[in-house]
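Quick look at input_21.txt (compact mmCIF, C-alpha atoms):
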# COMPACT_ATOMS: atom_id res chain seq x y z
CA MET A 1 0.00 0.00 0.00
CA GLY A 2 2.92 2.33 0.71
CA ILE A 3 4.42 1.58 -2.70
CA ALA A 4 1.18 2.49 -4.42
CA PHE A 5 0.99 5.78 -2.61
CA VAL A 6 4.60 6.72 -3.66
CA SER A 7 3.85 5.96 -7.35
CA ARG A 8 0.78 8.20 -7.27
CA LEU A 9 2.79 11.16 -5.88
CA ARG A 10 5.49 10.85 -8.52
CA ARG A 11 3.47 12.46 -11.33
CA PRO A 12 2.39 15.72 -9.60
CA VAL A 13 5.83 16.19 -8.05
CA GLY A 14 7.42 15.81 -11.51
CA LEU A 15 5.08 18.39 -12.98
CA LEU A 16 6.12 20.89 -10.32
CA LEU A 17 9.86 20.23 -10.60
CA ILE A 18 10.08 20.68 -14.43
CA PRO A 19 9.03 24.40 -14.48
CA ALA A 20 11.29 25.11 -11.47
CA ILE A 21 14.30 23.61 -13.25
CA LEU A 22 13.60 25.56 -16.49
CA ALA A 23 13.24 28.81 -14.56
CA ALA A 24 16.54 28.26 -12.74
CA CYS A 25 18.43 27.50 -15.99
CA SER A 26 17.12 30.47 -17.99
CA GLY A 27 17.53 33.19 -15.38
CA GLY A 28 20.67 34.71 -17.02
CA LEU A 29 19.16 34.74 -20.59
CA THR A 30 16.19 37.08 -19.93
CA PRO A 31 16.92 40.51 -21.47
CA PRO A 32 16.38 43.52 -19.28
CA ASP A 33 13.30 45.68 -19.83
CA ASP A 34 15.37 48.83 -20.54
CA VAL A 35 17.36 47.49 -23.50
CA ASP A 36 15.54 49.99 -25.71
CA SER A 37 13.52 52.97 -24.56
CA VAL A 38 10.78 52.19 -27.07
CA GLY A 39 10.99 48.48 -27.52
CA VAL A 40 13.35 45.69 -28.29
CA SER A 41 14.52 46.86 -31.71
CA ALA A 42 18.31 46.72 -31.32
CA ILE A 43 20.87 44.63 -29.38
CA THR A 44 24.09 46.05 -28.08
CA PRO A 45 26.98 43.99 -29.54
CA ALA A 46 29.97 43.03 -27.45
CA ALA A 47 32.32 43.16 -30.43
CA GLU A 48 32.59 45.09 -33.70
CA ILE A 49 30.63 43.93 -36.70
CA GLY A 50 32.80 42.70 -39.47
CA ASP A 51 35.69 41.57 -37.22
CA THR A 52 38.49 40.18 -39.38
CA GLY A 53 39.35 37.55 -36.80
CA GLY A 54 36.86 34.81 -37.33
CA GLY A 55 34.03 36.44 -39.24
CA SER A 56 31.63 36.03 -36.32
CA SER A 57 30.27 38.49 -33.82
CA SER A 58 29.43 38.21 -30.16
CA TYR A 59 26.24 39.95 -28.91
CA GLY A 60 26.78 40.15 -25.10
CA MET A 61 26.67 36.39 -24.60
CA GLU A 62 30.15 35.71 -23.12
CA THR A 63 31.24 32.24 -22.28
CA PRO A 64 33.45 31.57 -19.30
CA ASP A 65 36.34 30.68 -21.65
CA THR A 66 36.34 33.99 -23.55
CA ALA A 67 35.35 36.37 -20.80
CA MET A 68 38.84 36.46 -19.32
CA ALA A 69 40.88 35.94 -22.50
CA ALA A 70 39.21 38.47 -24.85
CA PRO A 71 40.75 41.91 -24.60
CA ALA A 72 38.58 44.95 -24.08
CA ARG A 73 37.35 46.44 -27.40
CA GLN A 74 35.63 49.63 -28.28
CA THR A 75 32.01 48.91 -29.02
CA ARG A 76 29.46 50.82 -31.19
CA HIS A 77 25.74 50.57 -31.52
CA LEU A 78 23.91 49.09 -34.51
CA PRO A 79 21.42 51.47 -36.21
CA LYS A 80 17.77 50.96 -35.67
CA ILE A 81 16.06 48.74 -38.15
CA ASP A 82 13.67 51.49 -39.49
CA SER A 83 16.03 54.46 -39.06
CA ASP A 84 17.43 56.72 -41.85
CA GLU A 85 20.93 55.46 -41.00
CA ALA A 86 19.92 51.88 -41.64
CA MET A 87 18.23 52.83 -44.96
CA GLY A 88 21.24 54.88 -46.08
CA ILE A 89 19.17 57.99 -46.83
CA GLY A 90 21.36 60.39 -44.89
CA GLU A 91 24.48 59.44 -46.86
CA PRO A 92 25.14 60.71 -50.38
CA VAL A 93 23.88 58.33 -53.00
CA GLN A 94 26.51 57.02 -55.38
CA ALA A 95 25.69 56.52 -59.04
CA SER A 96 27.03 52.99 -58.82
CA SER A 97 24.68 52.04 -56.04
CA GLY A 98 21.67 51.84 -58.41
CA MET A 99 19.56 54.29 -56.38
CA LEU A 100 18.21 57.58 -57.83
CA ALA A 101 17.54 60.71 -55.81
CA VAL A 102 14.08 62.37 -56.22
CA PRO A 103 14.37 66.09 -57.10
CA GLU A 104 12.64 68.62 -54.92
CA GLY A 105 10.33 69.79 -57.76
CA GLY A 106 9.32 66.25 -58.66
CA VAL A 107 10.03 64.16 -61.71
CA SER A 108 9.20 65.77 -65.12
CA MET A 109 8.31 63.20 -67.76
CA ASP A 110 8.44 65.85 -70.52
CA GLU A 111 12.03 66.79 -69.68
CA GLY A 112 12.99 63.16 -69.56
CA LEU A 113 11.56 62.57 -73.03
CA GLY A 114 12.99 65.80 -74.45
CA VAL A 115 9.57 67.46 -74.97
CA GLY A 116 9.03 71.14 -74.29
CA ARG A 117 6.50 72.43 -71.81
CA VAL A 118 2.89 72.37 -73.06
CA GLU A 119 0.59 75.26 -72.12
CA GLY A 120 -2.94 74.19 -71.18
CA LEU A 121 -6.13 75.81 -72.51
CA ALA A 122 -7.19 77.21 -69.15
CA GLU A 123 -3.70 78.63 -68.59
CA ALA A 124 -3.66 80.20 -72.06
CA GLN A 125 -7.06 81.86 -71.55
CA ALA A 126 -6.00 83.12 -68.13
CA ASN A 127 -2.86 84.67 -69.66
CA GLU A 128 -4.89 86.30 -72.44
CA ILE A 129 -7.32 87.80 -69.98
CA ALA A 130 -4.50 89.01 -67.76
CA GLU A 131 -2.70 90.63 -70.71
CA GLY A 132 -5.89 92.06 -72.24
CA ASN A 133 -5.51 90.10 -75.50
CA ALA A 134 -8.61 87.93 -75.27
CA SER A 135 -10.11 86.90 -78.63
CA GLN A 136 -13.62 87.18 -77.16
CA VAL A 137 -15.38 89.74 -75.04
CA VAL A 138 -14.56 89.20 -71.36
CA VAL A 139 -16.98 90.48 -68.75
CA GLY A 140 -15.87 91.14 -65.22
CA GLY A 141 -17.92 91.68 -62.11
CA ILE A 142 -20.43 88.93 -62.85
CA GLY A 143 -22.81 88.55 -59.92
CA THR A 144 -22.46 92.19 -58.92
CA ASP A 145 -24.57 95.24 -59.68
CA MET A 146 -21.91 96.75 -62.01
CA PRO A 147 -20.68 94.19 -64.59
CA GLN A 148 -18.26 95.65 -67.13
CA GLN A 149 -16.22 94.59 -70.10
CA VAL A 150 -12.59 93.70 -69.40
CA GLY A 151 -10.16 94.59 -72.17
CA GLU A 152 -10.86 94.68 -75.90
CA PRO A 153 -11.43 91.77 -78.29
CA GLU A 154 -8.32 90.70 -80.10
CA ALA A 155 -8.04 91.63 -83.77
CA ILE A 156 -9.02 88.81 -86.15
CA PRO A 157 -6.78 88.40 -89.22
CA MET A 158 -8.63 88.56 -92.54
CA SER A 159 -7.23 87.90 -95.98
CA GLU A 160 -9.78 90.13 -97.69
CA ALA A 161 -10.84 92.74 -95.19
CA GLY A 162 -12.17 95.23 -97.75
CA MET A 163 -12.96 98.66 -96.41
CA GLU A 164 -13.01 97.33 -92.83
CA ALA A 165 -9.32 96.38 -92.86
CA GLU A 166 -6.83 98.53 -91.04
CA GLY A 167 -3.28 99.26 -92.03
CA ASP A 168 -1.89 96.08 -90.49
CA GLY A 169 -4.25 93.85 -92.50
CA TYR A 170 -6.46 92.92 -89.56
CA LEU A 171 -10.21 93.31 -89.18
CA ARG A 172 -11.57 94.33 -85.84
CA VAL A 173 -14.94 92.92 -84.83
CA PRO A 174 -17.38 95.84 -84.32
CA ASP A 175 -19.89 95.81 -81.52
CA LYS A 176 -23.67 96.05 -82.00
CA ALA A 177 -23.83 99.80 -81.44
CA THR A 178 -21.22 100.44 -84.12
CA THR A 179 -23.01 98.12 -86.54
CA ARG A 180 -26.38 99.86 -86.05
CA LYS A 181 -24.77 103.28 -86.47
CA ARG A 182 -23.07 102.21 -89.67
CA GLN A 183 -26.29 100.75 -91.09
CA SER A 184 -28.22 103.93 -90.32
CA GLN A 185 -25.52 106.00 -92.04
CA GLN A 186 -25.67 103.82 -95.13
CA GLN A 187 -29.46 104.06 -95.27
CA SER A 188 -29.37 107.83 -94.91
CA MET A 189 -26.80 108.06 -97.71
CA GLN A 190 -28.91 105.91 -100.00
CA GLY A 191 -32.11 107.70 -99.05
CA GLU A 192 -33.87 104.47 -98.12
CA GLN A 193 -36.11 103.92 -95.14
CA VAL A 194 -37.08 100.49 -93.92
CA ALA A 195 -40.36 99.98 -92.09
CA PHE A 196 -40.81 96.88 -89.98
CA MET A 197 -44.43 95.77 -90.04
CA PRO A 198 -45.64 93.20 -87.52
CA ARG A 199 -47.12 90.06 -89.01
CA LEU A 200 -48.97 88.76 -86.01
CA ASN A 201 -52.21 90.52 -86.97
CA ASN A 202 -52.05 89.47 -90.62
CA PRO A 203 -54.51 86.60 -91.15
CA MET A 204 -52.71 85.64 -94.34
CA GLN A 205 -49.70 84.51 -92.28
CA VAL A 206 -51.59 82.25 -89.86
CA PRO A 207 -52.22 78.63 -90.95
CA GLU A 208 -55.83 77.61 -91.45
CA THR A 209 -55.46 74.84 -88.86
CA MET A 210 -54.65 77.51 -86.25
CA GLY A 211 -57.67 79.65 -87.06
CA GLY A 212 -56.07 81.43 -89.98
CA MET A 213 -57.65 82.49 -93.25
CA PRO A 214 -59.00 79.63 -95.39
CA ALA A 215 -57.32 78.82 -98.67
CA SER A 216 -60.35 79.99 -100.65
CA GLU A 217 -60.18 83.43 -99.03
CA ARG A 218 -56.47 83.74 -99.71
CA ALA A 219 -57.00 82.75 -103.36
CA CYS A 220 -59.80 85.32 -103.68
CA ARG A 221 -57.54 88.11 -102.40
CA GLN A 222 -54.84 87.11 -104.86
CA ARG A 223 -57.36 87.47 -107.69
CA LEU A 224 -58.34 90.92 -106.41
CA GLN A 225 -54.73 92.01 -106.54
CA LYS A 226 -54.45 90.85 -110.15
CA LEU A 227 -57.59 92.85 -111.00
CA GLY A 228 -56.03 95.98 -109.50
CA VAL A 229 -58.56 96.28 -106.69
CA LYS A 230 -57.67 98.52 -103.76
CA PHE A 231 -58.80 96.92 -100.53
CA ARG A 232 -57.67 96.05 -97.04
CA ASP A 233 -58.59 93.33 -94.56
CA VAL A 234 -60.65 94.45 -91.59
CA PRO A 235 -61.45 92.62 -88.34
CA ARG A 236 -64.21 90.06 -88.29
CA ILE A 237 -67.75 91.42 -88.06
CA SER A 238 -70.10 89.43 -85.86
CA ARG A 239 -73.53 90.46 -84.58
CA GLY A 240 -75.25 87.22 -83.68
CA ARG A 241 -76.08 84.28 -85.93
CA SER A 242 -77.82 86.34 -88.63
CA CYS A 243 -75.35 89.18 -89.16
CA GLY A 244 -71.64 89.28 -89.73
CA ILE A 245 -68.73 88.67 -92.12
CA ASP A 246 -66.08 86.12 -91.25
CA TRP A 247 -63.33 87.56 -93.50
CA PRO A 248 -64.43 91.07 -94.55
CA VAL A 249 -62.57 93.49 -96.79
CA GLU A 250 -62.91 97.23 -97.14
CA LEU A 251 -63.23 98.13 -100.83
CA SER A 252 -61.91 101.61 -101.65
CA GLY A 253 -60.99 101.51 -105.35
CA LEU A 254 -60.90 99.59 -108.63
CA SER A 255 -58.50 99.37 -111.53
CA GLY A 256 -58.13 102.47 -113.66
CA GLY A 257 -58.23 104.79 -110.67
CA ILE A 258 -61.95 104.33 -110.01
CA GLN A 259 -62.86 105.34 -106.47
CA ILE A 260 -65.57 103.73 -104.34
CA LYS A 261 -67.30 106.40 -102.23
CA PRO A 262 -67.65 105.72 -99.41
CA ALA A 263 -65.49 102.64 -98.86
CA ALA A 264 -67.62 99.52 -98.72
CA GLN A 265 -67.27 96.68 -96.21
CA VAL A 266 -68.21 93.48 -98.02
CA ASN A 267 -66.95 89.95 -98.42
CA CYS A 268 -64.29 89.02 -100.95
CA GLN A 269 -66.63 87.18 -103.32
CA ILE A 270 -68.98 90.10 -104.02
CA THR A 271 -65.94 92.37 -104.33
CA GLU A 272 -64.46 90.19 -107.06
CA ALA A 273 -67.76 89.98 -108.99
CA PHE A 274 -68.30 93.75 -108.74
CA ALA A 275 -64.73 94.50 -109.92
CA ARG A 276 -65.13 92.22 -112.95
CA TRP A 277 -68.50 93.83 -113.86
CA VAL A 278 -67.06 97.35 -113.70
CA LYS A 279 -63.96 96.43 -115.71
CA ALA A 280 -65.71 94.36 -118.41
CA GLU A 281 -69.12 96.04 -118.72
CA LEU A 282 -69.46 99.49 -117.12
CA VAL A 283 -66.19 101.10 -118.26
CA PRO A 284 -66.40 99.96 -121.93
CA SER A 285 -70.06 101.03 -122.15
CA ALA A 286 -69.30 104.48 -120.72
CA ARG A 287 -66.40 105.03 -123.15
CA MET A 288 -68.52 103.95 -126.10
CA ARG A 289 -71.36 106.37 -125.27
CA TYR A 290 -69.54 109.29 -123.59
CA LEU A 291 -65.95 108.84 -124.81
CA SER A 292 -64.88 109.00 -121.17
CA GLY A 293 -63.87 106.59 -118.49
CA VAL A 294 -65.36 106.14 -115.03
CA SER A 295 -63.95 108.27 -112.23
CA ALA A 296 -66.00 107.19 -109.17
CA ILE A 297 -68.87 104.97 -108.11
CA HIS A 298 -71.06 106.06 -105.20
CA GLN A 299 -72.41 103.11 -103.27
CA MET A 300 -75.50 103.45 -101.09
CA SER A 301 -75.23 100.29 -98.95
CA SER A 302 -72.79 97.47 -98.36
CA TYR A 303 -72.79 95.59 -95.02
CA SER A 304 -75.92 96.32 -93.02
CA CYS A 305 -77.52 94.11 -90.38
CA ARG A 306 -81.16 94.34 -91.52
CA THR A 307 -83.94 92.43 -93.17
CA MET A 308 -84.85 92.59 -96.86
CA ASN A 309 -85.96 96.11 -97.73
CA SER A 310 -85.84 96.82 -93.95
CA ARG A 311 -89.29 95.33 -93.49
CA ARG A 312 -90.38 93.89 -90.17
CA GLY A 313 -90.70 90.10 -90.21
CA ALA A 314 -88.97 89.73 -93.60
CA ALA A 315 -86.04 87.43 -94.23
CA MET A 316 -82.54 88.69 -93.58
CA SER A 317 -81.03 90.61 -96.45
CA GLU A 318 -77.79 89.64 -98.20
CA HIS A 319 -76.45 92.94 -96.90
CA ALA A 320 -76.45 91.38 -93.41
CA ARG A 321 -73.70 89.03 -94.57
CA GLY A 322 -71.77 91.54 -96.66
CA ASN A 323 -72.81 89.66 -99.78
CA ALA A 324 -74.48 92.61 -101.58
CA ILE A 325 -73.73 96.15 -102.76
CA ASP A 326 -76.00 98.99 -103.93
CA VAL A 327 -74.90 101.53 -106.56
CA GLY A 328 -76.60 104.95 -106.51
CA ARG A 329 -74.44 107.13 -108.83
CA ILE A 330 -71.75 106.83 -111.50
CA VAL A 331 -69.33 109.73 -112.12
CA LEU A 332 -67.37 109.89 -115.37
CA LYS A 333 -63.89 111.35 -115.78
CA SER A 334 -65.41 114.09 -117.91
CA GLY A 335 -67.26 115.24 -114.80
CA LYS A 336 -70.70 113.99 -115.84
CA SER A 337 -72.66 112.36 -113.02
CA ILE A 338 -75.24 109.71 -113.90
CA ALA A 339 -77.79 108.92 -111.19
CA ILE A 340 -79.45 105.52 -111.07
CA GLU A 341 -83.09 106.52 -111.54
CA PRO A 342 -85.82 106.49 -114.21
CA LYS A 343 -84.80 108.73 -117.14
CA GLY A 344 -86.79 111.02 -119.36
CA PHE A 345 -87.79 110.35 -122.96
CA PHE A 346 -84.88 112.24 -124.53
CA ALA A 347 -82.13 110.85 -122.24
CA PHE A 348 -81.09 108.32 -124.85
CA ARG A 349 -77.46 107.89 -123.87
CA GLU A 350 -78.14 107.59 -120.14
CA LYS A 351 -80.99 105.15 -120.68
CA GLY A 352 -78.81 103.12 -123.07
CA LEU A 353 -75.93 103.01 -120.58
CA LEU A 354 -78.05 101.95 -117.62
CA LYS A 355 -79.96 99.36 -119.65
CA SER A 356 -76.76 97.89 -121.05
CA VAL A 357 -74.89 97.52 -117.77
CA ARG A 358 -77.99 96.29 -116.00
CA GLY A 359 -78.58 93.53 -118.55
CA ASP A 360 -74.93 92.43 -118.63
CA SER A 361 -74.74 92.34 -114.82
CA CYS A 362 -76.71 89.07 -114.71
CA LYS A 363 -73.57 87.29 -115.90
CA TYR A 364 -71.80 88.27 -112.65
CA PHE A 365 -74.50 88.38 -109.96
CA SER A 366 -77.35 86.08 -108.95
CA THR A 367 -79.71 88.95 -108.06
CA VAL A 368 -80.04 92.25 -109.96
CA LEU A 369 -82.65 94.84 -108.99
CA GLY A 370 -83.08 98.47 -110.01
CA PRO A 371 -85.54 101.16 -111.11
CA GLY A 372 -88.70 99.47 -112.24
CA SER A 373 -88.23 96.34 -110.12
CA ASP A 374 -90.15 97.65 -107.11
CA ARG A 375 -90.51 100.79 -105.10
CA TYR A 376 -87.60 99.86 -102.86
CA HIS A 377 -85.04 99.95 -105.70
CA LYS A 378 -86.21 102.96 -107.69
CA ASP A 379 -83.01 104.96 -107.08
CA HIS A 380 -80.18 102.37 -107.13
CA PHE A 381 -78.90 99.10 -108.51
CA HIS A 382 -78.86 96.16 -106.11
CA PHE A 383 -76.31 93.39 -106.78
CA ASP A 384 -75.86 90.27 -104.62
CA LEU A 385 -74.63 86.67 -104.79
CA ARG A 386 -77.45 84.92 -103.02
CA VAL A 387 -77.24 81.14 -103.41
CA ARG A 388 -80.49 79.41 -104.40
CA LYS A 389 -80.95 75.66 -104.37
CA SER A 390 -82.23 75.57 -107.95
CA GLY A 391 -79.42 77.83 -109.19
CA TYR A 392 -81.99 80.41 -110.28
CA ARG A 393 -80.79 83.97 -111.01
CA HIS A 394 -83.26 86.78 -110.36
CA CYS A 395 -82.51 89.57 -112.82
CA SER A 396 -85.23 92.22 -112.93
CA LEU A 397 -84.51 94.09 -116.14
Would you mind writing the file out in structure tokens?
Amino acid sequence: MGIAFVSRLRRPVGLLLIPAILAACSGGLTPPDDVDSVGVSAITPAAEIGDTGGGSSSYGMETPDTAMAAPARQTRHLPKIDSDEAMGIGEPVQASSGMLAVPEGGVSMDEGLGVGRVEGLAEAQANEIAEGNASQVVVGGIGTDMPQQVGEPEAIPMSEAGMEAEGDGYLRVPDKATTRKRQSQQQSMQGEQVAFMPRLNNPMQVPETMGGMPASERACRQRLQKLGVKFRDVPRISRGRSCGIDWPVELSGLSGGIQIKPAAQVNCQITEAFARWVKAELVPSARMRYLSGVSAIHQMSSYSCRTMNSRRGAAMSEHARGNAIDVGRIVLKSGKSIAIEPKGFFAFREKGLLKSVRGDSCKYFSTVLGPGSDRYHKDHFHFDLRVRKSGYRHCSL
């Protein structure tokens, strides 16, 4: 039983003795804490590095055999591992060492390749602005209440400068004020005046899809111009569903210098028919009978919002749509005035003229009334373009 107890104690006693023995043997090999002030980064050697004796160095680990025999030597410290001395930066670099020194201004690739210095766009513009040689107008003080132009635009070379060229063969770009002044001087020298007319109120310029004048109205006005008619477009006339003209014109004269007194507001269609009747029938008939042309035509009614013959309860007249015109007097260039009225027995030429033009007018109008038709038309001719379903023309001759 005693033997068994001794064998059981052997293992824990051995475990305790092994660390004690290792601690006793390694007591002289533990480096002191103050070898380095920062950390263990260098070891103080006991002998010089590179000793020619045996090619080996001793780092403070002296054996009993060499401690007494080795003479005292002057020792020096090794540089720190990450110090400039260890990297060799503090010493001048030799060309043969293979290391290149970095210049203070940095490495220039252009100089290494033999290329001259290149001036950037921003640098060039900055130099131009600073020297006042900018090729474009430069404005300073942007964002302030007093912006102003900085410098003058640079002269632009021109091969053919004409009258604008200066002595050095360069053309200077004028500003807007100079250009306007020069244009006004040229116009005054030529005696020309230019008038700028707005086109926004011209119905001929607005497309039909945007509420502009229909193609038929534009074509009618072109025919009037070819006939030599003097007219102008007036604003739309609208007085309810029964009265009004969508695209009225104001008729003031016909070809040959014939005046319409007063100016009549009618639609384009009746204007064209009336102009053709005067040119093809009235003027030739007057020249044949009186050897004189027509000077003026006095109209008694054009657009008028009323019923037929101004009677209560009657249908609306064609005058309410600007589709009729009444002629009360014809004045010849000789000064003779011919009134539209019943003539006496001996007024052969006047009766012949009125009968001729009245009969020929049915080729141009759908309704012709005059003296003898009824009491409402005893003193004028009535012409209109009333549309009837049967195509019937009412010509009271």
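Proximity of A:Gly372, A:Lys378, A:Ala263, A:Thr307 to Ile325 (chain A), computed with only C-alpha atoms, is greatest for A:Ala263.
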Could you tell me how far CA of Arg393 (chain A) sits from CA of Thr367 (chain A), in Å to one decimal place? 5.9 Å
Distance CA of Cys268 (chain A)-CA of Val387 (chain A), one decimal place? 15.4 Å
Nearest to Pro262 (chain A), restricted to only C-alpha atoms and choosing among A:Ile330, A:Ile297, A:Cys220, A:Val13, comes out as A:Ile297
